[in-house]
>>> print(open('input-v3.cif').read())   # mmCIF, C-alpha atoms and all ligand atoms
data_query
#
loop_
_atom_site.label_atom_id
_atom_site.label_comp_id
_atom_site.auth_asym_id
_atom_site.auth_seq_id
_atom_site.Cartn_x
_atom_site.Cartn_y
_atom_site.Cartn_z
CA MET A 157 49.73 -30.95 22.17
CA ASN A 158 49.31 -34.25 20.47
CA ASN A 159 46.79 -33.06 17.87
CA TYR A 160 48.83 -33.83 14.75
CA ALA A 161 49.80 -37.29 13.47
CA ARG A 162 53.09 -36.09 12.06
CA LEU A 163 55.20 -37.85 9.50
CA PRO A 164 58.78 -38.58 10.61
CA VAL A 165 60.43 -35.80 8.65
CA THR A 166 61.41 -32.18 9.28
CA PHE A 167 62.17 -29.74 6.51
CA GLU A 168 64.61 -26.90 6.81
CA LYS A 169 64.82 -25.39 3.36
CA GLY A 170 62.67 -24.99 0.28
CA GLU A 171 62.92 -23.71 -3.26
CA GLY A 172 60.12 -23.88 -5.82
CA VAL A 173 58.59 -27.36 -5.67
CA TRP A 174 61.54 -28.77 -3.71
CA LEU A 175 62.06 -29.25 0.02
CA TRP A 176 65.16 -30.44 1.88
CA ASP A 177 64.95 -32.25 5.21
CA THR A 178 67.36 -31.91 8.12
CA GLN A 179 69.45 -34.79 6.69
CA GLY A 180 69.84 -32.97 3.38
CA LYS A 181 67.49 -35.33 1.49
CA ARG A 182 65.50 -33.63 -1.28
CA TYR A 183 61.75 -34.08 -1.81
CA LEU A 184 59.44 -33.16 -4.67
CA ASP A 185 56.53 -31.36 -3.04
CA ALA A 186 53.23 -32.14 -4.77
CA LEU A 187 51.16 -30.86 -1.86
CA GLY A 188 52.45 -27.29 -1.42
CA GLY A 189 51.64 -27.10 2.28
CA ILE A 190 48.06 -28.13 1.38
CA ALA A 191 47.38 -25.61 -1.40
CA VAL A 192 49.16 -22.80 0.44
CA CYS A 193 52.44 -22.38 -1.45
CA GLY A 194 50.97 -21.74 -4.90
CA LEU A 195 54.14 -19.91 -5.88
CA GLY A 196 56.33 -22.63 -4.43
CA HIS A 197 58.77 -22.28 -1.57
CA ALA A 198 60.93 -19.20 -1.14
CA HIS A 199 59.65 -17.44 -4.25
CA PRO A 200 61.98 -14.41 -4.61
CA ALA A 201 59.09 -11.93 -5.00
CA VAL A 202 57.43 -13.17 -1.81
CA THR A 203 60.72 -13.25 0.06
CA ALA A 204 61.44 -9.66 -0.99
CA ALA A 205 57.95 -8.52 0.05
CA ILE A 206 58.35 -10.13 3.48
CA CYS A 207 61.83 -8.69 4.04
CA GLU A 208 61.09 -5.18 2.80
CA GLN A 209 57.85 -4.88 4.71
CA ALA A 210 59.32 -6.40 7.87
CA ALA A 211 62.00 -3.73 7.78
CA GLN A 212 59.40 -0.99 7.34
CA LEU A 213 56.29 -1.82 9.40
CA VAL A 214 54.78 -5.14 10.52
CA HIS A 215 51.76 -4.23 12.59
CA THR A 216 49.81 -1.26 13.77
CA SER A 217 46.12 -1.92 14.40
CA ASN A 218 42.82 -1.81 12.61
CA ILE A 219 42.17 1.28 14.72
CA TYR A 220 44.21 3.05 12.03
CA GLY A 221 44.29 3.16 8.27
CA ILE A 222 46.42 0.45 6.63
CA ALA A 223 47.43 1.32 3.07
CA HIS A 224 48.45 -2.20 2.00
CA GLN A 225 45.19 -3.61 3.39
CA GLN A 226 43.23 -1.07 1.36
CA ALA A 227 45.26 -1.88 -1.76
CA LEU A 228 44.87 -5.64 -1.33
CA ALA A 229 41.14 -5.30 -0.70
CA GLU A 230 40.74 -3.24 -3.86
CA LYS A 231 42.78 -5.71 -5.90
CA LEU A 232 40.84 -8.73 -4.62
CA ALA A 233 37.50 -6.99 -5.05
CA THR A 234 38.37 -6.14 -8.65
CA LEU A 235 39.54 -9.66 -9.48
CA ALA A 236 36.44 -11.21 -7.91
CA GLY A 237 33.82 -8.59 -8.80
CA MET A 238 33.10 -8.05 -5.12
CA ASP A 239 32.56 -4.84 -3.14
CA SER A 240 34.21 -5.19 0.25
CA VAL A 241 36.66 -7.34 2.18
CA PHE A 242 37.28 -8.35 5.80
CA PHE A 243 40.74 -9.77 6.53
CA SER A 244 41.35 -12.60 8.97
CA ASN A 245 44.35 -14.80 9.77
CA SER A 246 43.08 -18.17 8.57
CA GLY A 247 40.45 -19.91 6.52
CA ALA A 248 38.28 -20.89 9.46
CA GLU A 249 38.16 -17.27 10.60
CA ALA A 250 37.22 -16.12 7.10
CA ASN A 251 34.32 -18.60 7.21
CA GLU A 252 33.37 -17.40 10.70
CA ALA A 253 32.97 -13.92 9.20
CA ALA A 254 30.84 -15.35 6.38
CA ILE A 255 28.62 -17.19 8.88
CA LYS A 256 28.17 -14.01 10.92
CA ILE A 257 27.26 -12.07 7.75
CA ALA A 258 24.64 -14.72 6.89
CA ARG A 259 23.12 -14.43 10.36
CA LEU A 260 23.00 -10.63 10.10
CA HIS A 261 21.36 -11.02 6.70
CA GLY A 262 18.65 -13.11 8.39
CA HIS A 263 18.15 -10.86 11.39
CA THR A 264 17.74 -7.76 9.22
CA GLN A 265 14.71 -9.54 7.71
CA GLY A 266 13.29 -10.54 11.07
CA ILE A 267 14.46 -14.17 10.84
CA GLU A 268 15.38 -14.95 14.42
CA GLN A 269 16.77 -18.46 13.89
CA PRO A 270 18.79 -17.98 10.69
CA THR A 271 19.83 -21.28 9.12
CA ILE A 272 22.62 -21.91 6.63
CA VAL A 273 22.45 -24.81 4.18
CA VAL A 274 25.73 -26.78 4.17
CA MET A 275 26.89 -29.91 2.36
CA GLU A 276 27.71 -33.49 3.16
CA GLY A 277 31.43 -34.11 2.73
CA SER A 278 32.30 -30.44 3.15
CA PHE A 279 35.19 -28.93 5.07
CA HIS A 280 35.09 -25.40 6.43
CA GLY A 281 37.54 -25.38 9.34
CA ARG A 282 38.03 -26.38 12.98
CA THR A 283 36.53 -23.56 15.03
CA LEU A 284 33.23 -24.43 16.67
CA ALA A 285 31.04 -22.77 14.05
CA THR A 286 33.08 -24.01 11.10
CA LEU A 287 33.36 -27.59 12.36
CA SER A 288 29.61 -27.50 12.86
CA ALA A 289 29.27 -26.43 9.21
CA THR A 290 31.70 -29.18 8.15
CA GLY A 291 30.11 -32.36 6.81
CA ASN A 292 32.40 -34.87 8.46
CA ARG A 293 31.46 -36.58 11.72
CA LYS A 294 35.10 -37.33 12.56
CA ILE A 295 35.81 -33.61 12.75
CA GLN A 296 32.81 -32.96 15.02
CA ALA A 297 32.99 -35.97 17.34
CA GLY A 298 33.85 -35.03 20.90
CA PHE A 299 33.14 -31.35 20.43
CA GLU A 300 29.39 -31.34 20.94
CA PRO A 301 27.29 -29.35 21.52
CA LEU A 302 27.69 -28.15 17.95
CA VAL A 303 26.76 -24.65 16.90
CA SER A 304 23.17 -24.75 15.68
CA GLY A 305 21.75 -23.10 12.59
CA PHE A 306 23.11 -25.42 9.90
CA LEU A 307 21.04 -27.67 7.68
CA ARG A 308 22.87 -30.37 5.76
CA VAL A 309 22.11 -31.68 2.29
CA PRO A 310 24.02 -33.91 -0.17
CA TYR A 311 26.63 -32.16 -2.34
CA ASP A 312 25.96 -31.59 -6.03
CA ASP A 313 22.23 -32.06 -5.51
CA LEU A 314 20.10 -29.03 -6.41
CA ASP A 315 16.84 -30.89 -5.79
CA ALA A 316 17.91 -31.48 -2.20
CA ILE A 317 18.38 -27.75 -1.65
CA ALA A 318 15.08 -26.95 -3.34
CA ALA A 319 13.35 -29.55 -1.17
CA VAL A 320 14.58 -28.15 2.16
CA ALA A 321 13.56 -24.67 1.02
CA LYS A 322 9.94 -25.82 0.82
CA ASN A 323 9.48 -26.44 4.53
CA ASN A 324 12.00 -24.08 6.10
CA GLN A 325 11.42 -20.35 6.33
CA ASN A 326 14.62 -19.77 8.29
CA ILE A 327 17.15 -20.40 5.54
CA VAL A 328 19.33 -17.36 4.89
CA ALA A 329 22.32 -18.69 2.95
CA VAL A 330 24.00 -21.62 1.22
CA LEU A 331 27.66 -22.26 2.10
CA VAL A 332 29.45 -24.49 -0.39
CA GLU A 333 32.88 -25.29 -1.83
CA PRO A 334 33.07 -24.99 -5.64
CA ILE A 335 35.11 -28.21 -5.53
CA GLN A 336 35.30 -30.17 -2.29
CA GLY A 337 38.97 -30.37 -1.33
CA GLU A 338 39.24 -32.34 1.93
CA GLY A 339 36.16 -34.23 0.78
CA GLY A 340 38.25 -35.86 -1.96
CA ILE A 341 38.47 -33.38 -4.88
CA GLN A 342 34.77 -33.77 -5.63
CA ILE A 343 33.91 -31.76 -8.74
CA PRO A 344 30.19 -31.05 -9.08
CA ASN A 345 28.26 -31.09 -12.35
CA ASP A 346 28.55 -27.94 -14.45
CA GLY A 347 24.98 -26.94 -13.67
CA TYR A 348 25.44 -27.08 -9.92
CA LEU A 349 26.95 -23.72 -8.97
CA PRO A 350 24.77 -21.76 -11.45
CA GLY A 351 21.82 -23.71 -10.03
CA VAL A 352 22.76 -22.76 -6.46
CA ARG A 353 23.01 -19.15 -7.65
CA ALA A 354 19.50 -19.34 -9.12
CA LEU A 355 18.04 -20.87 -5.94
CA CYS A 356 19.69 -18.18 -3.82
CA ASP A 357 18.26 -15.46 -6.08
CA GLU A 358 14.82 -17.02 -5.95
CA HIS A 359 14.76 -17.20 -2.14
CA ASN A 360 16.82 -14.12 -1.22
CA TRP A 361 19.55 -16.29 0.31
CA LEU A 362 23.22 -15.41 0.27
CA MET A 363 25.32 -17.63 -1.95
CA MET A 364 28.51 -18.13 0.04
CA LEU A 365 31.45 -19.86 -1.62
CA ASP A 366 34.31 -21.29 0.39
CA GLU A 367 37.17 -20.78 -2.09
CA ILE A 368 39.85 -21.22 0.56
CA GLN A 369 41.36 -24.17 -1.30
CA THR A 370 40.12 -23.48 -4.84
CA GLY A 371 40.95 -19.77 -4.97
CA MET A 372 44.05 -17.84 -6.09
CA ALA A 373 44.46 -19.44 -9.54
CA ARG A 374 44.56 -23.04 -8.24
CA THR A 375 41.89 -24.31 -10.64
CA GLY A 376 42.94 -22.17 -13.61
CA GLN A 377 40.79 -19.13 -12.85
CA TRP A 378 41.42 -16.63 -10.08
CA PHE A 379 38.46 -18.20 -8.30
CA ALA A 380 36.80 -21.48 -9.22
CA HIS A 381 33.32 -19.98 -9.67
CA GLN A 382 34.73 -17.96 -12.57
CA HIS A 383 34.63 -21.11 -14.71
CA PHE A 384 30.89 -20.42 -15.07
CA ALA A 385 30.99 -17.22 -17.11
CA GLY A 386 29.39 -14.96 -14.52
CA LYS A 387 26.56 -17.41 -13.74
CA ALA A 388 27.86 -18.36 -10.28
CA ILE A 389 29.08 -15.11 -8.74
CA PRO A 390 28.65 -15.42 -4.98
CA ASP A 391 27.41 -12.83 -2.51
CA VAL A 392 30.10 -13.88 -0.06
CA MET A 393 33.40 -15.63 -0.81
CA THR A 394 36.14 -16.76 1.53
CA LEU A 395 39.85 -17.09 0.80
CA ALA A 396 42.98 -18.05 2.72
CA LYS A 397 45.65 -20.68 1.94
CA ALA A 398 47.40 -19.49 -1.25
CA LEU A 399 46.54 -15.83 -0.66
CA GLY A 400 49.63 -15.44 1.53
CA ASN A 401 51.82 -18.24 0.11
CA GLY A 402 52.54 -19.17 3.74
CA VAL A 403 52.06 -16.02 5.77
CA PRO A 404 48.78 -16.37 7.69
CA ILE A 405 46.01 -14.44 5.97
CA GLY A 406 42.37 -15.07 5.21
CA ALA A 407 39.71 -12.92 3.62
CA CYS A 408 35.95 -12.75 3.49
CA LEU A 409 34.69 -10.83 0.45
CA ALA A 410 31.14 -9.64 0.00
CA ARG A 411 29.03 -8.05 -2.70
CA GLY A 412 25.88 -5.94 -2.84
CA ASP A 413 23.74 -5.87 0.31
CA ALA A 414 25.94 -8.49 1.97
CA ALA A 415 28.87 -6.06 1.74
CA GLN A 416 26.98 -3.51 3.87
CA LEU A 417 25.99 -5.73 6.79
CA PHE A 418 29.02 -5.41 9.08
CA GLN A 419 29.08 -2.09 10.92
CA PRO A 420 31.80 -0.86 13.29
CA GLY A 421 31.74 -3.07 16.36
CA ASN A 422 30.23 -6.15 14.64
CA HIS A 423 33.43 -8.00 13.87
CA ALA A 424 37.17 -7.59 14.22
CA SER A 425 40.57 -9.25 14.33
CA THR A 426 43.64 -7.85 16.05
CA TYR A 427 46.15 -9.11 13.47
CA GLY A 428 43.76 -9.33 10.53
CA GLY A 429 45.03 -7.56 7.43
CA ASN A 430 48.18 -6.11 8.98
CA PRO A 431 50.75 -4.33 6.80
CA LEU A 432 53.03 -7.37 6.52
CA VAL A 433 50.52 -9.99 5.39
CA CYS A 434 48.74 -7.60 3.03
CA ARG A 435 51.98 -6.55 1.38
CA VAL A 436 52.72 -10.25 0.86
CA GLY A 437 49.20 -10.84 -0.50
CA LEU A 438 49.77 -8.06 -3.02
CA SER A 439 53.07 -9.60 -4.10
CA VAL A 440 51.36 -13.00 -4.50
CA ILE A 441 48.70 -11.56 -6.80
CA ASP A 442 51.25 -9.53 -8.72
CA THR A 443 53.40 -12.64 -9.25
CA LEU A 444 50.45 -14.85 -10.26
CA GLU A 445 49.65 -12.20 -12.88
CA LYS A 446 53.19 -11.64 -14.12
CA GLU A 447 53.93 -15.35 -14.44
CA GLN A 448 50.50 -15.96 -16.02
CA LEU A 449 49.83 -18.78 -13.62
CA CYS A 450 46.07 -19.04 -14.23
CA GLN A 451 46.82 -20.04 -17.80
CA ARG A 452 49.66 -22.28 -16.68
CA ALA A 453 47.44 -24.04 -14.12
CA THR A 454 44.87 -24.75 -16.82
CA THR A 455 47.22 -26.15 -19.44
CA PHE A 456 49.63 -27.93 -17.14
CA GLY A 457 46.89 -29.42 -15.00
CA GLN A 458 45.32 -30.83 -18.14
CA GLN A 459 48.71 -32.18 -19.22
CA LEU A 460 49.23 -33.91 -15.89
CA ILE A 461 45.79 -35.55 -16.07
CA THR A 462 46.58 -36.75 -19.59
CA ASP A 463 49.93 -38.16 -18.45
CA PHE A 464 48.53 -39.84 -15.34
CA THR A 465 45.70 -41.31 -17.37
CA ALA A 466 48.09 -42.66 -20.01
CA GLN A 467 50.26 -44.39 -17.39
CA LEU A 468 47.54 -45.61 -15.05
CA ALA A 469 44.75 -46.47 -17.48
CA ASP A 470 45.37 -50.19 -17.27
CA VAL A 471 46.18 -50.37 -13.59
CA ASP A 472 43.61 -52.47 -11.78
CA GLY A 473 42.60 -50.52 -8.70
CA VAL A 474 42.67 -47.00 -10.15
CA ASN A 475 39.05 -45.87 -10.24
CA ASN A 476 39.30 -42.36 -11.52
CA ILE A 477 41.73 -39.55 -12.37
CA ARG A 478 40.27 -36.06 -12.23
CA GLY A 479 41.00 -32.45 -11.50
CA LYS A 480 40.62 -28.83 -12.41
CA GLY A 481 43.77 -26.84 -13.04
CA MET A 482 46.38 -27.89 -10.51
CA MET A 483 43.88 -29.44 -8.09
CA LEU A 484 44.23 -33.11 -8.95
CA ALA A 485 43.04 -36.46 -7.68
CA ILE A 486 43.77 -40.10 -8.35
CA GLU A 487 41.04 -42.18 -6.76
CA LEU A 488 41.74 -45.82 -5.93
CA ASP A 489 39.21 -48.55 -5.25
CA ARG A 490 40.47 -49.06 -1.70
CA PRO A 491 41.88 -47.04 1.22
CA CYS A 492 45.50 -46.06 0.56
CA PRO A 493 46.79 -43.92 3.45
CA GLU A 494 50.06 -45.90 3.48
CA LEU A 495 50.92 -44.37 0.09
CA VAL A 496 51.84 -41.15 1.89
CA SER A 497 54.73 -42.80 3.77
CA LEU A 498 55.77 -44.87 0.77
CA ALA A 499 55.98 -41.69 -1.30
CA LEU A 500 57.86 -39.90 1.47
CA GLN A 501 60.53 -42.61 1.48
CA ASP A 502 60.75 -42.11 -2.24
CA GLY A 503 61.25 -38.35 -1.88
CA LEU A 504 57.75 -37.34 -2.90
CA LEU A 505 55.18 -35.42 -0.85
CA ILE A 506 51.54 -36.25 -1.52
CA ASN A 507 48.36 -36.42 0.50
CA VAL A 508 45.55 -38.94 0.75
CA THR A 509 42.13 -37.62 1.67
CA ALA A 510 38.69 -39.18 2.04
CA GLY A 511 40.48 -42.52 2.56
CA ASN A 512 41.14 -43.49 -1.04
CA VAL A 513 41.86 -40.27 -2.93
CA ILE A 514 45.45 -39.25 -3.67
CA ARG A 515 45.33 -35.46 -3.61
CA LEU A 516 47.87 -33.36 -5.49
CA LEU A 517 48.11 -29.60 -5.03
CA PRO A 518 51.53 -28.77 -6.41
CA ALA A 519 52.86 -25.24 -6.78
CA LEU A 520 51.63 -23.55 -9.96
CA VAL A 521 55.27 -22.77 -10.83
CA MET A 522 56.07 -26.47 -11.32
CA SER A 523 58.05 -26.96 -14.55
CA ASP A 524 57.33 -29.53 -17.26
CA GLU A 525 60.38 -31.46 -16.15
CA GLU A 526 59.33 -31.47 -12.49
CA GLY A 527 55.84 -32.53 -13.52
CA ALA A 528 57.31 -35.44 -15.47
CA GLN A 529 59.20 -36.53 -12.34
CA LEU A 530 55.97 -36.34 -10.33
CA VAL A 531 54.11 -38.48 -12.85
CA GLU A 532 56.91 -41.04 -13.05
CA LYS A 533 57.42 -41.41 -9.31
CA LEU A 534 53.74 -41.47 -8.41
CA CYS A 535 52.66 -43.84 -11.17
CA LYS A 536 55.34 -46.32 -10.09
CA LEU A 537 54.14 -46.16 -6.48
CA VAL A 538 50.48 -46.50 -7.40
CA THR A 539 51.14 -49.38 -9.80
CA THR A 540 53.16 -51.29 -7.19
CA PHE A 541 50.64 -50.53 -4.44
CA CYS A 542 47.72 -51.76 -6.51
CA ALA A 543 49.59 -54.90 -7.62
CA ASN A 544 50.59 -55.79 -4.03
CA ARG A 545 47.16 -55.23 -2.65
CA LEU A 546 45.63 -57.39 -5.36
CA SER A 547 47.97 -60.32 -4.59
CA ASN A 548 47.11 -59.97 -0.87
CA LYS A 549 43.42 -60.29 -1.50
C1 LIG A 601 41.84 -25.39 4.61
C2 LIG A 601 40.40 -25.07 4.47
C3 LIG A 601 39.69 -24.37 5.46
C4 LIG A 601 40.29 -24.01 6.79
O1 LIG A 601 41.36 -23.13 6.70
P1 LIG A 601 42.31 -22.92 7.99
O2 LIG A 601 43.27 -21.85 7.53
O3 LIG A 601 42.96 -24.23 8.29
O4 LIG A 601 41.45 -22.47 9.10
C5 LIG A 601 38.37 -24.06 5.21
N1 LIG A 601 37.76 -24.41 4.06
C6 LIG A 601 38.42 -25.07 3.09
C7 LIG A 601 37.70 -25.42 1.83
C8 LIG A 601 39.75 -25.44 3.26
O5 LIG A 601 40.38 -26.14 2.32
#
>>> encode(input="input-v3.cif", output="structure tokens")
Amino acid sequence: MNNYARLPVTFEKGEGVWLWDTQGKRYLDALGGIAVCGLGHAHPAVTAAICEQAAQLVHTSNIYGIAHQQALAEKLATLAGMDSVFFSNSGAEANEAAIKIARLHGHTQGIEQPTIVVMEGSFHGRTLATLSATGNRKIQAGFEPLVSGFLRVPYDDLDAIAAVAKNNQNIVAVLVEPIQGEGGIQIPNDGYLPGVRALCDEHNWLMMLDEIQTGMARTGQWFAHQHFAGKAIPDVMTLAKALGNGVPIGACLARGDAAQLFQPGNHASTYGGNPLVCRVGLSVIDTLEKEQLCQRATTFGQQLITDFTAQLADVDGVNNIRGKGMMLAIELDRPCPELVSLALQDGLLINVTAGNVIRLLPALVMSDEEGAQLVEKLCKLVTTFCANRLSNK
């Protein structure tokens, strides 16, 4: 179906931050399959996990015990300080589970029309419930009627959440991204997530964090809420993307009462958490630990921001350079979607989101030297782009 506006390139091989197309041309990948390939392409540990597990056992069913699923759940729960995990095959499905948990949380208290507070500019997926939760009209248009039970407020605005709480007794949860990814790498004020936590505590709402893009060491902590020293621990957290480094896996983690809400029969997935994907998930976590990639994301992300800032500081048209760990953005003062094709021609893979934000989500294994190539190539492109656009004004 014609649902993707594809770029005119097809890749057939990858290694680390590099991809080769069918003509043999090499590209520096600064997007990592949209925050999926945190360990880069064809990481030997991931390849070995896939091959060994494929030779042993790929799928049984959640009717039976699955040792790797149990092990991965325990590992994730320990890293996140959560109590239980449901495995899905994608981010949207992980959020579907979170939304169902929030509704159960409401119904157990006699709230018959449970409502979840969601944010402007958010992205939570493309299923009907998750596109309804998403704060982007373009993603919803044509798919009405939307799923009801969502109440939208501006992002990074605690007063707005407090205000809707005053005249709505049906609120059961807040669903929010710690940093908005598709929304343009929007980083909220430091008080925001702890403030959401406090509001949720005050009102007995579930704090539900969509860490699908920010999780798995991307921002320099295992999960982005861990930047707040235990003051923003969610009741429900969703993961996907980098958890499988490319094999389809998502997870919905829960803590405390929220971890007890699903009972047998409430929710399920045929493939979810099968032996293959969970074995890969375990190898991803093991490799992130062994290669100390949380630390690397912190220091190298900071280095890249410093380097971009040094080279682009005087470029008229660059509004802002920001990021957390290896989740980086260069915001221009005008729409710049054509930069994606210009970069592609130049052997560089980037993304532009929210119209004018260059989004970089490179593999955490990127070397200093590869980072220097990224900075050099991209700064040249941005400088030329801004200069041309100015002369066309
Ligand atoms: C990518 C993403 C999703 C959707 O994940 P899919 O695997 O495409 O369903 C949801 N939330 C956030 C924050 C994402 O970045």
>>> axis_aligned_box(input="input-v3.cif", around="stretch 368-380 of chain A", padding_each_side="5 Å", output="JSON")
{"center_x": 40.7, "center_y": -20.5, "center_z": -6.5, "size_x": 17.8, "size_y": 17.7, "size_z": 24.2}
>>> residues_around(input="input-v3.cif", residues="stretch 495-499 of chain A", least_positions_apart="4", cutoff="12 Å", atoms="only C-alpha atoms", output="number ranges by chain")
A: 162-165, 183-187, 486, 488, 490-491, 503-509, 511-516, 530, 532-542, 545
>>> residues_around(input="input-v3.cif", residues="A:Cys408", least_positions_apart="4", cutoff="12 Å", atoms="only C-alpha atoms", output="CSV table (one decimal) with C-alpha atoms, in the frame of the given file")
chain,number,residue,atom,x,y,z
A,229,ALA,CA,41.1,-5.3,-0.7
A,232,LEU,CA,40.8,-8.7,-4.6
A,233,ALA,CA,37.5,-7.0,-5.0
A,236,ALA,CA,36.4,-11.2,-7.9
A,238,MET,CA,33.1,-8.0,-5.1
A,239,ASP,CA,32.6,-4.8,-3.1
A,240,SER,CA,34.2,-5.2,0.2
A,241,VAL,CA,36.7,-7.3,2.2
A,242,PHE,CA,37.3,-8.4,5.8
A,243,PHE,CA,40.7,-9.8,6.5
A,244,SER,CA,41.4,-12.6,9.0
A,245,ASN,CA,44.4,-14.8,9.8
A,246,SER,CA,43.1,-18.2,8.6
A,247,GLY,CA,40.4,-19.9,6.5
A,248,ALA,CA,38.3,-20.9,9.5
A,249,GLU,CA,38.2,-17.3,10.6
A,250,ALA,CA,37.2,-16.1,7.1
A,251,ASN,CA,34.3,-18.6,7.2
A,252,GLU,CA,33.4,-17.4,10.7
A,253,ALA,CA,33.0,-13.9,9.2
A,254,ALA,CA,30.8,-15.4,6.4
A,255,ILE,CA,28.6,-17.2,8.9
A,256,LYS,CA,28.2,-14.0,10.9
A,257,ILE,CA,27.3,-12.1,7.8
A,258,ALA,CA,24.6,-14.7,6.9
A,364,MET,CA,28.5,-18.1,0.0
A,365,LEU,CA,31.4,-19.9,-1.6
A,366,ASP,CA,34.3,-21.3,0.4
A,367,GLU,CA,37.2,-20.8,-2.1
A,368,ILE,CA,39.8,-21.2,0.6
A,390,PRO,CA,28.6,-15.4,-5.0
A,391,ASP,CA,27.4,-12.8,-2.5
A,392,VAL,CA,30.1,-13.9,-0.1
A,393,MET,CA,33.4,-15.6,-0.8
A,394,THR,CA,36.1,-16.8,1.5
A,395,LEU,CA,39.8,-17.1,0.8
A,396,ALA,CA,43.0,-18.0,2.7
A,399,LEU,CA,46.5,-15.8,-0.7
A,414,ALA,CA,25.9,-8.5,2.0
A,415,ALA,CA,28.9,-6.1,1.7
A,418,PHE,CA,29.0,-5.4,9.1
A,423,HIS,CA,33.4,-8.0,13.9
A,424,ALA,CA,37.2,-7.6,14.2
A,428,GLY,CA,43.8,-9.3,10.5
A,429,GLY,CA,45.0,-7.6,7.4
>>> atom_distance(input="input-v3.cif", atom1="atom CA of A:Leu468", atom2="atom CA of A:Gln501")
21.2 Å
>>> residues_around(input="input-v3.cif", residues="A:Gly479", least_positions_apart="5", cutoff="9 Å", atoms="all atoms listed in the file", output="PyMOL selection string")
chain A and resi 341-343+375+457-458+461+484-486
>>> closest_residue(input="input-v3.cif", among="A:Leu500, A:Val471, A:Ala453, A:Met363", to="A:Trp176", atoms="all atoms listed in the file")
A:Leu500
>>> closest_residue(input="input-v3.cif", among="A:Thr178, A:Gln382, A:Gln325, A:Thr264", to="A:Gly237", atoms="all atoms listed in the file")
A:Gln382
>>> closest_residue(input="input-v3.cif", among="A:Gly188, A:Pro518, A:Gly337, A:Gly421", to="ligand LIG 601 (chain A)", atoms="only C-alpha atoms and all ligand atoms")
A:Gly337
>>> closest_residue(input="input-v3.cif", among="A:Leu287, A:Cys434, A:Val320, A:Ala385", to="ligand LIG 601 (chain A)", atoms="only C-alpha atoms and all ligand atoms")
A:Leu287
